[in-house]
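Peer 1: Structure file final_28.txt (compact mmCIF, C-alpha atoms (C1' of nucleotides)) right here:
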# COMPACT_ATOMS: atom_id res chain seq x y z
CA MET A 24 69.79 132.30 103.25
CA LEU A 25 69.35 131.71 99.51
CA ASP A 26 70.80 135.14 98.71
CA TRP A 27 73.69 134.44 101.04
CA TYR A 28 74.20 131.04 99.39
CA ASP A 29 74.28 132.57 95.93
CA SER A 30 77.26 134.67 96.93
CA HIS A 31 78.97 132.46 99.55
CA ALA A 32 78.48 128.83 98.48
CA ARG A 33 81.60 126.70 98.71
CA GLU A 34 82.76 125.14 95.47
CA LEU A 35 82.73 121.41 96.07
CA PRO A 36 83.33 118.65 93.52
CA TRP A 37 79.95 117.03 94.12
CA ARG A 38 78.06 120.27 93.59
CA ALA A 39 76.83 121.33 90.18
CA ALA A 40 78.73 124.24 88.74
CA PRO A 41 76.95 127.56 89.33
CA GLY A 42 74.30 128.12 86.69
CA SER A 43 74.35 124.55 85.46
CA ASN A 44 71.62 121.95 85.67
CA ALA A 45 70.83 119.80 88.69
CA PRO A 46 73.74 117.75 90.00
CA ASP A 47 74.24 114.07 89.16
CA PRO A 48 72.28 111.94 91.70
CA TYR A 49 75.13 109.42 91.77
CA ARG A 50 77.59 112.08 92.84
CA VAL A 51 75.17 113.55 95.36
CA TRP A 52 74.50 110.14 96.88
CA LEU A 53 78.18 109.17 97.00
CA SER A 54 79.17 112.46 98.58
CA GLU A 55 76.40 112.29 101.17
CA ILE A 56 77.45 108.81 102.27
CA MET A 57 81.09 109.83 102.47
CA LEU A 58 80.25 113.00 104.39
CA GLN A 59 78.40 111.18 107.17
CA GLN A 60 80.32 112.14 110.32
CA THR A 61 83.31 112.95 108.12
CA THR A 62 84.91 116.28 107.26
CA VAL A 63 84.88 117.84 103.81
CA ALA A 64 88.70 117.88 103.83
CA ALA A 65 88.83 114.11 104.35
CA VAL A 66 86.11 113.38 101.81
CA ARG A 67 87.30 115.53 98.91
CA PRO A 68 90.23 113.37 97.72
CA LYS A 69 88.33 110.12 98.34
CA PHE A 70 85.38 111.40 96.36
CA GLU A 71 87.62 112.39 93.45
CA ALA A 72 89.28 108.96 93.48
CA PHE A 73 85.96 107.12 93.59
CA VAL A 74 84.30 108.99 90.74
CA ALA A 75 87.45 108.69 88.62
CA ARG A 76 87.53 104.92 89.15
CA TRP A 77 83.77 104.33 89.21
CA PRO A 78 82.06 107.09 87.18
CA SER A 79 78.53 105.72 87.55
CA VAL A 80 76.40 103.74 89.94
CA GLU A 81 76.49 100.88 87.42
CA ALA A 82 80.28 100.84 87.51
CA LEU A 83 80.27 100.87 91.29
CA ALA A 84 77.74 98.04 91.44
CA ALA A 85 79.89 95.94 89.12
CA ALA A 86 83.05 96.39 91.19
CA PRO A 87 84.27 93.61 93.49
CA GLU A 88 83.36 94.49 97.05
CA ALA A 89 86.97 93.97 98.15
CA ASP A 90 88.12 96.73 95.76
CA LEU A 91 85.54 99.09 97.18
CA MET A 92 86.47 98.30 100.78
CA ALA A 93 90.16 98.87 100.05
CA ALA A 94 89.41 102.17 98.32
CA TRP A 95 87.43 103.27 101.37
CA ALA A 96 90.32 102.53 103.74
CA GLY A 97 91.17 105.50 105.93
CA LEU A 98 87.73 107.12 105.81
CA GLY A 99 86.36 105.17 108.77
CA TYR A 100 82.89 103.87 109.57
CA TYR A 101 83.40 100.96 107.21
CA ALA A 102 79.79 99.79 107.35
CA ARG A 103 79.27 102.71 104.97
CA ALA A 104 81.42 101.02 102.35
CA ARG A 105 79.56 97.73 102.65
CA ASN A 106 76.23 99.55 102.44
CA LEU A 107 77.51 101.64 99.52
CA HIS A 108 78.03 98.49 97.49
CA ALA A 109 74.70 97.00 98.51
CA CYS A 110 72.99 100.29 97.70
CA ALA A 111 74.62 100.55 94.27
CA ARG A 112 73.38 97.08 93.43
CA ALA A 113 69.90 97.90 94.70
CA VAL A 114 69.79 101.04 92.55
CA VAL A 115 70.89 99.12 89.48
CA ALA A 116 68.23 96.49 90.19
CA LEU A 117 65.63 99.27 90.47
CA GLY A 118 66.85 100.83 87.23
CA ASP A 119 67.76 104.18 88.78
CA PHE A 120 67.80 106.13 92.04
CA PRO A 121 64.41 106.60 93.69
CA THR A 122 63.46 110.28 93.47
CA THR A 123 61.38 110.54 96.65
CA GLU A 124 62.48 110.79 100.24
CA ASP A 125 60.62 107.60 101.17
CA GLY A 126 62.06 105.69 98.25
CA LEU A 127 65.58 106.80 99.08
CA ARG A 128 65.11 106.03 102.78
CA ALA A 129 64.64 102.34 101.94
CA LEU A 130 68.15 102.04 100.47
CA PRO A 131 71.00 100.53 102.51
CA GLY A 132 73.01 103.16 104.37
CA VAL A 133 70.46 105.90 103.67
CA GLY A 134 68.84 107.22 106.83
CA ALA A 135 66.56 110.15 107.55
CA TYR A 136 69.17 112.83 106.92
CA THR A 137 70.63 111.36 103.74
CA ALA A 138 67.26 110.60 102.18
CA ALA A 139 66.13 114.18 102.76
CA ALA A 140 69.42 115.59 101.47
CA ILE A 141 69.41 113.57 98.23
CA ALA A 142 65.71 114.22 97.58
CA ALA A 143 66.22 117.96 98.02
CA ILE A 144 69.62 118.42 96.38
CA ALA A 145 69.44 115.94 93.52
CA PHE A 146 65.71 115.87 92.78
CA GLY A 147 64.39 119.25 93.87
CA GLU A 148 61.92 117.77 96.34
CA ARG A 149 60.99 119.84 99.34
CA ALA A 150 62.61 118.02 102.25
CA VAL A 151 63.60 118.97 105.78
CA VAL A 152 67.33 118.38 105.96
CA VAL A 153 68.80 118.30 109.46
CA ASP A 154 72.44 117.46 109.95
CA ALA A 155 74.73 118.57 112.78
CA ASN A 156 75.29 121.97 111.13
CA VAL A 157 71.60 122.65 110.65
CA ALA A 158 70.84 121.46 114.17
CA ARG A 159 73.40 123.88 115.59
CA VAL A 160 72.21 126.85 113.51
CA VAL A 161 68.55 126.17 114.29
CA ALA A 162 69.15 125.54 117.98
CA ARG A 163 70.80 128.99 118.17
CA LEU A 164 68.26 130.69 115.94
CA PHE A 165 65.39 129.55 118.19
CA ALA A 166 67.41 129.26 121.44
CA ILE A 167 66.22 125.69 121.88
CA GLU A 168 66.75 124.67 125.50
CA ARG A 169 66.11 120.94 125.28
CA PRO A 170 69.46 119.10 125.11
CA LEU A 171 70.33 117.10 122.01
CA PRO A 172 69.76 114.47 120.86
CA GLY A 173 66.50 114.44 122.84
CA GLY A 174 65.60 117.83 121.42
CA MET A 175 65.92 116.74 117.80
CA PRO A 176 62.13 116.63 117.17
CA GLU A 177 61.94 120.29 118.22
CA VAL A 178 64.89 121.15 115.98
CA ARG A 179 63.30 119.30 113.10
CA ALA A 180 59.96 121.10 113.56
CA ALA A 181 61.70 124.47 113.65
CA THR A 182 63.72 123.58 110.53
CA ASP A 183 60.50 122.58 108.79
CA GLN A 184 59.06 126.03 109.54
CA ILE A 185 61.94 127.88 107.89
CA THR A 186 62.52 125.53 104.94
CA PRO A 187 61.29 127.12 101.69
CA ASP A 188 59.03 125.30 99.24
CA THR A 189 61.46 125.87 96.39
CA ARG A 190 65.22 125.46 96.39
CA SER A 191 65.06 123.50 99.64
CA GLY A 192 68.25 121.71 98.54
CA ASP A 193 70.09 125.01 98.18
CA PHE A 194 68.61 126.10 101.50
CA ALA A 195 69.95 122.97 103.17
CA GLN A 196 73.39 123.45 101.68
CA ALA A 197 73.29 127.12 102.65
CA MET A 198 72.57 126.16 106.26
CA MET A 199 75.39 123.62 106.19
CA ASP A 200 77.86 126.10 104.71
CA LEU A 201 76.79 128.68 107.27
CA GLY A 202 77.27 126.18 110.09
CA SER A 203 80.65 125.20 108.74
CA SER A 204 82.09 128.67 108.18
CA VAL A 205 80.13 131.18 110.30
CA CYS A 206 77.92 129.53 112.91
CA THR A 207 80.79 127.36 114.14
CA PRO A 208 80.68 125.25 117.32
CA ARG A 209 83.11 127.25 119.50
CA SER A 210 83.25 130.90 118.41
CA PRO A 211 80.50 131.80 115.98
CA ARG A 212 81.20 134.80 113.74
CA CYS A 213 77.86 136.48 114.34
CA LEU A 214 78.98 139.77 112.79
CA ALA A 215 79.27 137.97 109.45
CA CYS A 216 76.01 136.06 109.81
CA PRO A 217 72.98 136.86 107.66
CA LEU A 218 70.70 135.55 110.43
CA SER A 219 72.03 137.50 113.40
CA SER A 220 69.19 140.03 113.31
CA VAL A 221 66.64 137.25 113.81
CA CYS A 222 68.73 134.92 115.97
CA GLU A 223 67.37 134.42 119.48
CA GLY A 224 70.65 132.95 120.70
CA TYR A 225 72.44 136.08 119.53
CA ARG A 226 69.85 138.31 121.15
CA LEU A 227 70.35 136.46 124.44
CA GLY A 228 74.07 137.13 124.17
CA HIS A 229 75.33 133.55 124.21
CA PRO A 230 74.72 131.83 120.89
CA GLU A 231 77.68 129.54 121.56
CA GLY A 232 75.68 128.07 124.45
CA PHE A 233 73.42 126.31 121.94
CA PRO A 234 72.79 123.54 121.25
CA ILE A 235 72.88 122.13 124.74
CA LYS A 236 74.25 118.62 124.58
CA ALA A 237 74.12 115.58 126.81
CA ALA A 238 77.42 114.81 128.53
CA LYS A 239 79.69 112.27 126.88
CA LEU A 240 80.96 109.10 128.47
CA ALA A 241 84.67 108.60 129.07
CA LYS A 242 86.41 106.21 126.69
CA PRO A 243 87.68 103.03 128.35
CA GLN A 244 91.27 101.96 127.69
CA ARG A 245 91.72 98.58 126.06
CA HIS A 246 94.72 96.57 124.96
CA GLY A 247 95.56 94.21 122.15
CA THR A 248 98.34 92.66 120.10
CA ILE A 249 99.11 92.93 116.38
CA PHE A 250 100.88 89.93 114.83
CA TRP A 251 103.34 90.67 112.02
CA ALA A 252 104.30 87.39 110.34
CA GLN A 253 106.99 87.93 107.73
CA HIS A 254 108.12 85.38 105.14
CA ASP A 255 110.23 86.01 102.05
CA GLY A 256 109.45 89.71 101.93
CA LYS A 257 105.75 89.11 102.44
CA VAL A 258 103.43 89.74 105.38
CA LEU A 259 100.35 87.82 106.44
CA LEU A 260 97.10 89.78 106.12
CA VAL A 261 93.61 88.58 107.00
CA ARG A 262 90.03 89.64 106.28
CA ARG A 263 88.13 90.77 109.34
CA PRO A 264 84.67 89.34 110.07
CA PRO A 265 81.97 91.00 107.97
CA ARG A 266 80.34 92.92 110.82
CA GLY A 267 81.54 94.80 113.86
CA LEU A 268 84.62 96.95 114.32
CA LEU A 269 86.48 97.41 111.01
CA GLY A 270 84.16 94.73 109.65
CA GLY A 271 85.03 93.31 106.24
CA MET A 272 88.33 95.13 106.03
CA ARG A 273 91.72 93.66 105.17
CA ALA A 274 93.81 93.71 108.35
CA LEU A 275 96.84 92.57 110.24
CA PRO A 276 96.05 89.58 112.45
CA THR A 277 95.18 90.51 116.03
CA GLY A 278 94.70 88.66 119.28
CA PRO A 279 91.85 89.40 121.67
CA TRP A 280 91.21 92.92 122.98
CA ALA A 281 91.16 93.07 126.74
CA ASP A 282 91.42 95.33 129.78
CA THR A 283 95.08 94.38 130.22
CA PRO A 284 97.74 93.58 127.57
CA PRO A 285 96.97 90.07 126.29
CA GLY A 286 100.56 89.36 125.22
CA LEU A 287 100.96 86.58 122.68
CA ALA A 288 97.51 85.07 123.10
CA ASP A 289 95.85 83.71 119.96
CA PRO A 290 98.55 84.15 117.27
CA PRO A 291 97.56 83.50 113.63
CA LEU A 292 100.15 80.74 113.35
CA PRO A 293 102.77 79.09 115.56
CA ALA A 294 106.12 80.91 115.45
CA ASP A 295 108.86 82.33 117.64
CA TRP A 296 106.90 85.50 118.39
CA GLN A 297 108.79 88.44 119.81
CA LEU A 298 107.17 91.51 121.37
CA LEU A 299 108.69 94.81 120.26
CA PRO A 300 109.40 97.37 122.99
CA GLN A 301 107.17 100.08 121.51
CA THR A 302 103.38 100.21 121.32
CA VAL A 303 100.87 101.92 119.04
CA ALA A 304 98.00 103.96 120.45
CA HIS A 305 94.76 104.54 118.59
CA VAL A 306 91.46 106.14 119.54
CA PHE A 307 88.18 104.75 118.27
CA THR A 308 84.76 106.29 118.76
CA HIS A 309 84.05 104.52 122.00
CA PHE A 310 87.37 103.26 123.39
CA ARG A 311 91.12 103.80 123.36
CA LEU A 312 93.33 100.99 122.17
CA LYS A 313 96.96 100.38 123.02
CA LEU A 314 98.51 97.80 120.76
CA SER A 315 101.51 95.62 121.47
CA LEU A 316 103.46 94.61 118.37
CA ALA A 317 104.45 90.95 117.95
CA VAL A 318 106.80 90.03 115.11
CA ALA A 319 108.18 86.77 113.75
CA ARG A 320 110.01 85.50 110.72
CA VAL A 321 108.20 82.39 109.63
CA ASP A 322 109.05 79.68 107.10
CA GLY A 323 106.08 79.20 104.89
CA HIS A 324 103.63 77.91 107.45
CA ALA A 325 100.13 77.42 106.19
CA ALA A 326 97.86 80.12 107.55
CA ASP A 327 94.46 81.56 106.71
CA GLY A 328 94.88 84.84 104.87
CA GLU A 329 97.01 86.30 102.11
CA TRP A 330 100.71 87.03 101.95
CA TRP A 331 101.17 90.64 100.90
CA ASP A 332 104.38 92.20 99.59
CA GLU A 333 105.75 94.15 102.55
CA THR A 334 106.98 97.05 100.43
CA GLY A 335 103.49 97.45 98.96
CA ILE A 336 101.63 97.34 102.26
CA ASP A 337 100.37 100.87 101.70
CA SER A 338 98.28 99.62 98.78
CA ALA A 339 96.60 96.87 100.79
CA GLY A 340 93.73 99.13 101.87
CA LEU A 341 94.31 98.77 105.58
CA PRO A 342 92.30 100.79 108.10
CA THR A 343 94.35 103.51 109.73
CA VAL A 344 94.95 101.63 112.96
CA PHE A 345 96.70 98.82 111.04
CA ALA A 346 98.55 101.23 108.75
CA LYS A 347 99.93 102.91 111.87
CA ALA A 348 101.01 99.57 113.32
CA ALA A 349 102.63 98.52 110.02
CA ASP A 350 104.58 101.77 109.89
CA ALA A 351 105.84 101.32 113.43
CA ILE A 352 106.89 97.73 112.80
CA ARG A 353 108.65 98.52 109.53
CA ARG A 354 110.59 101.35 111.18
CA ALA A 355 111.63 99.14 114.09
CA ARG A 356 114.79 97.02 113.98
CA TRP A 357 114.18 93.43 114.99
C1' DG B 9 66.35 105.36 123.56
C1' DA B 10 71.06 103.63 123.90
C1' DT B 11 75.03 101.78 121.90
C1' DA B 12 78.44 100.51 118.26
C1' DC B 13 80.81 102.29 114.75
C1' DG B 14 86.75 105.58 112.57
C1' DT B 15 89.34 109.15 111.67
C1' DG B 16 91.71 113.57 111.51
C1' DG B 17 91.47 118.50 112.19
C1' DA B 18 90.55 122.40 115.30
C1' DT B 19 90.96 124.38 119.70
C1' DT C 20 98.03 116.60 125.49
C1' DA C 21 93.01 116.28 125.98
C1' DT C 22 88.71 117.17 124.27
C1' DC C 23 85.44 118.24 120.93
C1' DC C 24 83.53 117.57 116.72
C1' DA C 25 81.96 116.20 111.81
C1' DA C 26 76.91 116.38 105.61
C1' DG C 27 74.54 109.70 110.68
C1' DT C 28 72.98 104.80 110.30
C1' DA C 29 71.96 100.25 111.97
C1' DT C 30 70.58 97.46 115.52
If you took the structure in this file and wrote it as structure tokens, what would it be?
Peer 2:
Amino acid sequence: MLDWYDSHARELPWRAAPGSNAPDPYRVWLSEIMLQQTTVAAVRPKFEAFVARWPSVEALAAAPEADLMAAWAGLGYYARARNLHACARAVVALGDFPTTEDGLRALPGVGAYTAAAIAAIAFGERAVVVDANVARVVARLFAIERPLPGGMPEVRAATDQITPDTRSGDFAQAMMDLGSSVCTPRSPRCLACPLSSVCEGYRLGHPEGFPIKAAKLAKPQRHGTIFWAQHDGKVLLVRRPPRGLLGGMRALPTGPWADTPPGLADPPLPADWQLLPQTVAHVFTHFRLKLSLAVARVDGHAADGEWWDETGIDSAGLPTVFAKAADAIRRARW
DNA sequence: GATACGTGGAT
DNA sequence: TATCCAAGTAT
């Protein structure tokens, strides 16, 4: 795997250049948080923007949390952004990043995977790094029958057996690159795989059958209403509660979310609200949302929130669901 | 152990 | 269009 990595590693902005010294722990940490359940393609431009704006953990810790949340907009899983800020401050308070897996594990937003990845990649510690790519490769390599996630202890034990004592960070990244480009979920390219000669899943003739996974639950359909209050070229935005869905993010005001369209229930301020004919659909991790769009021209009513220049709404740092709704409303004639 | 938590690309 | 899936963590 290390030989394969030396000739096939992807060039990624958070990786040290080939032949250079160990990568910057700040960049490794930031990239690992961003990459949690998120594709490389989505992370790359966000990572570049973050390190350009905040080149060090000290700079990130000193930033207002609202700036960080807005910069994170569009990446999803916004608890990561809140934890990122808390973690940066914790690291500054400590003086530097912990260098051990246990020390890293204690930081906000750093779980078992991320602690192992940072320890191995940034600090050269031997650590067993198991992400979704590694789990898939290892489940095929050993033809692990126990469905995931219940079979994760078995996957972890098998990964431990094949993790080398040196360059375990490169080994982890090699396994992830292999999972991403060769040992893919649907149609693995076994003819290009350096492990095919020792892969039990390949020998059995159905590597794509691993890992076995528990069935997923259907997503319920829910409904809600977005309120677009416009006054003198400005639109009312609010800050969502600090925890829960889209927690802490700047947002358009919404009414309750329910099993049937809630209409004009719970507007942010009294006005002559008008429902537009179109709706906006959005899919979250665990439910589908169909949004009605309520609009009103208001005359300077007091309301909790901030009035944001409508033409600059793209710079407000809105989560995608609200950006979609804003686009639909601005394109509509009303 | 189960559930909440986003989004966009691939198939 | 529908489904799957991603460098998971917190509770």
Peer 1: One number please: CA of Trp331 in chain A to CA of Leu312 in chain A, in Å, one decimal.
Peer 2: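 Interatomic distance, CA of Trp331 in chain A to CA of Leu312 in chain A: 24.9 Å.
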Peer 1: Which residues are close to Thr122 in chain A, i.e. within 12 Å by only C-alpha atoms (C1' of nucleotides), leaving aside same-chain residues fewer than 3 positions away? Reply as a PyMOL selection string.
Peer 2: chain A and resi 48-49+52+114+117-119+125-130+138-150
Peer 1: Contacts of DT15 in chain B at 9 Å or less, counting all atoms listed in the file, minus same-chain residues fewer than 5 places along, as a ChimeraX atom specification?
Peer 2: /A:61,65,97-100,306-308,343
Peer 1: Kindly save the residues from that selection, with C-alpha atoms included, as a compact mmCIF listing (two decimals), keeping the file's coordinate frame.
Peer 2:
# COMPACT_ATOMS: atom_id res chain seq x y z
CA THR A 61 83.31 112.95 108.12
CA ALA A 65 88.83 114.11 104.35
CA GLY A 97 91.17 105.50 105.93
CA LEU A 98 87.73 107.12 105.81
CA GLY A 99 86.36 105.17 108.77
CA TYR A 100 82.89 103.87 109.57
CA VAL A 306 91.46 106.14 119.54
CA PHE A 307 88.18 104.75 118.27
CA THR A 308 84.76 106.29 118.76
CA THR A 343 94.35 103.51 109.73
Peer 1: Quick one: residues within 12 Å of Leu298 in chain A, only C-alpha atoms (C1' of nucleotides) counted, chain neighbours fewer than 2 positions away excluded, as a PyMOL selection string?
Peer 2: chain A and resi 247-251+284-288+295-296+300-302+314-319+352+355-357
Peer 1: Near chain A, meaning an atom within 9 Å, which residues of chain C appear when counting only C-alpha atoms (C1' of nucleotides)? Write them as a list in words.
Peer 2: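 The answer, sorted by residue number, is DC24, DA25, DA26, DG27, DT28 and DA29 of chain C.
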Peer 1: Around (80.7, 109.9, 95.2), as given in the file, which residues come within 6 Å? Count all atoms listed in the file and list them as a compact mmCIF listing (two decimals) with C-alpha atoms, in the coordinates of the input.
Peer 2:
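Saved the output as point.txt:
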# COMPACT_ATOMS: atom_id res chain seq x y z
CA ARG A 50 77.59 112.08 92.84
CA LEU A 53 78.18 109.17 97.00
CA SER A 54 79.17 112.46 98.58
CA PHE A 70 85.38 111.40 96.36
CA VAL A 74 84.30 108.99 90.74
Peer 1: Enumerate as a ChimeraX atom specification the residues belonging to chain B that approach chain A to within 9 Å, with all atoms listed in the file taken into account.
Peer 2: /B:12-17,19
Peer 1: What is the CA of Asp26 in chain A-CA of Thr182 in chain A distance in Å, reported with one decimal?
Peer 2: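 About the pair CA of Asp26 in chain A and CA of Thr182 in chain A: they are 18.0 Å apart.
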Peer 1: Report the distance between CA of Arg33 in chain A and CA of Ala96 in chain A in Å, rounded to one decimal place.
Peer 2: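 These two atoms are separated by 26.2 Å.
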Peer 1: Near Ala84 in chain A, counting all atoms listed in the file, which residues have an atom at most 8 Å away, once you skip same-chain residues fewer than 5 positions from it, shown as a list in words?
Peer 2: His108, Ala109, Ala111, Arg112 and Val115 of chain A
Peer 1: Please identify all polymer residues within 12 Å of DT22 in chain C, counting all atoms listed in the file, omitting same-chain residues fewer than 2 positions from it, and present them as a list in words.
Peer 2: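 My list of contacting residues is Lys239, Leu240, Ala241 and Lys242 of chain A; DA18 and DT19 of chain B; DT20 and DC24 of chain C.
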Peer 1: Got time to write the residues from that selection, C-alpha atoms (C1' of nucleotides), as a compact mmCIF listing (two decimals), keeping the file's coordinate frame?
Peer 2:
# COMPACT_ATOMS: atom_id res chain seq x y z
CA LYS A 239 79.69 112.27 126.88
CA LEU A 240 80.96 109.10 128.47
CA ALA A 241 84.67 108.60 129.07
CA LYS A 242 86.41 106.21 126.69
C1' DA B 18 90.55 122.40 115.30
C1' DT B 19 90.96 124.38 119.70
C1' DT C 20 98.03 116.60 125.49
C1' DC C 24 83.53 117.57 116.72
Peer 1: So, counting only C-alpha atoms, which residue among A:Pro78, A:Leu275, A:Cys216, A:Leu25 is closest to Arg263 in chain A?
Peer 2: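 Ranking A:Pro78, A:Leu275, A:Cys216, A:Leu25 by distance to Arg263 in chain A, first place goes to A:Leu275.
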Peer 1: Can you sort out range 47-61 of chain A so it carries N, CA and C atoms, written as a CSV table (one decimal), in the frame of the given file?
Peer 2:
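As written to disk, out35.csv reads:
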chain,number,residue,atom,x,y,z
A,47,ASP,N,74.4,115.5,89.4
A,47,ASP,CA,74.2,114.1,89.2
A,47,ASP,C,73.8,113.3,90.5
A,48,PRO,N,72.7,112.6,90.5
A,48,PRO,CA,72.3,111.9,91.7
A,48,PRO,C,73.3,111.0,92.2
A,49,TYR,N,74.1,110.3,91.3
A,49,TYR,CA,75.1,109.4,91.8
A,49,TYR,C,76.2,110.2,92.6
A,50,ARG,N,76.6,111.3,92.1
A,50,ARG,CA,77.6,112.1,92.8
A,50,ARG,C,77.0,112.6,94.1
A,51,VAL,N,75.8,113.1,94.1
A,51,VAL,CA,75.2,113.6,95.4
A,51,VAL,C,75.1,112.4,96.4
A,52,TRP,N,74.6,111.3,96.0
A,52,TRP,CA,74.5,110.1,96.9
A,52,TRP,C,75.9,109.7,97.4
A,53,LEU,N,76.8,109.6,96.6
A,53,LEU,CA,78.2,109.2,97.0
A,53,LEU,C,78.8,110.2,98.0
A,54,SER,N,78.6,111.4,97.7
A,54,SER,CA,79.2,112.5,98.6
A,54,SER,C,78.4,112.4,99.9
A,55,GLU,N,77.1,112.3,99.9
A,55,GLU,CA,76.4,112.3,101.2
A,55,GLU,C,76.8,111.1,102.1
A,56,ILE,N,77.0,110.0,101.5
A,56,ILE,CA,77.4,108.8,102.3
A,56,ILE,C,78.8,109.1,102.8
A,57,MET,N,79.7,109.6,102.0
A,57,MET,CA,81.1,109.8,102.5
A,57,MET,C,81.1,110.9,103.6
A,58,LEU,N,80.2,111.9,103.5
A,58,LEU,CA,80.2,113.0,104.4
A,58,LEU,C,79.6,112.7,105.7
A,59,GLN,N,79.0,111.5,105.9
A,59,GLN,CA,78.4,111.2,107.2
A,59,GLN,C,79.5,111.2,108.2
A,60,GLN,N,79.4,112.1,109.2
A,60,GLN,CA,80.3,112.1,110.3
A,60,GLN,C,81.8,112.3,109.9
A,61,THR,N,82.0,112.9,108.7
A,61,THR,CA,83.3,113.0,108.1
A,61,THR,C,83.5,114.3,107.5
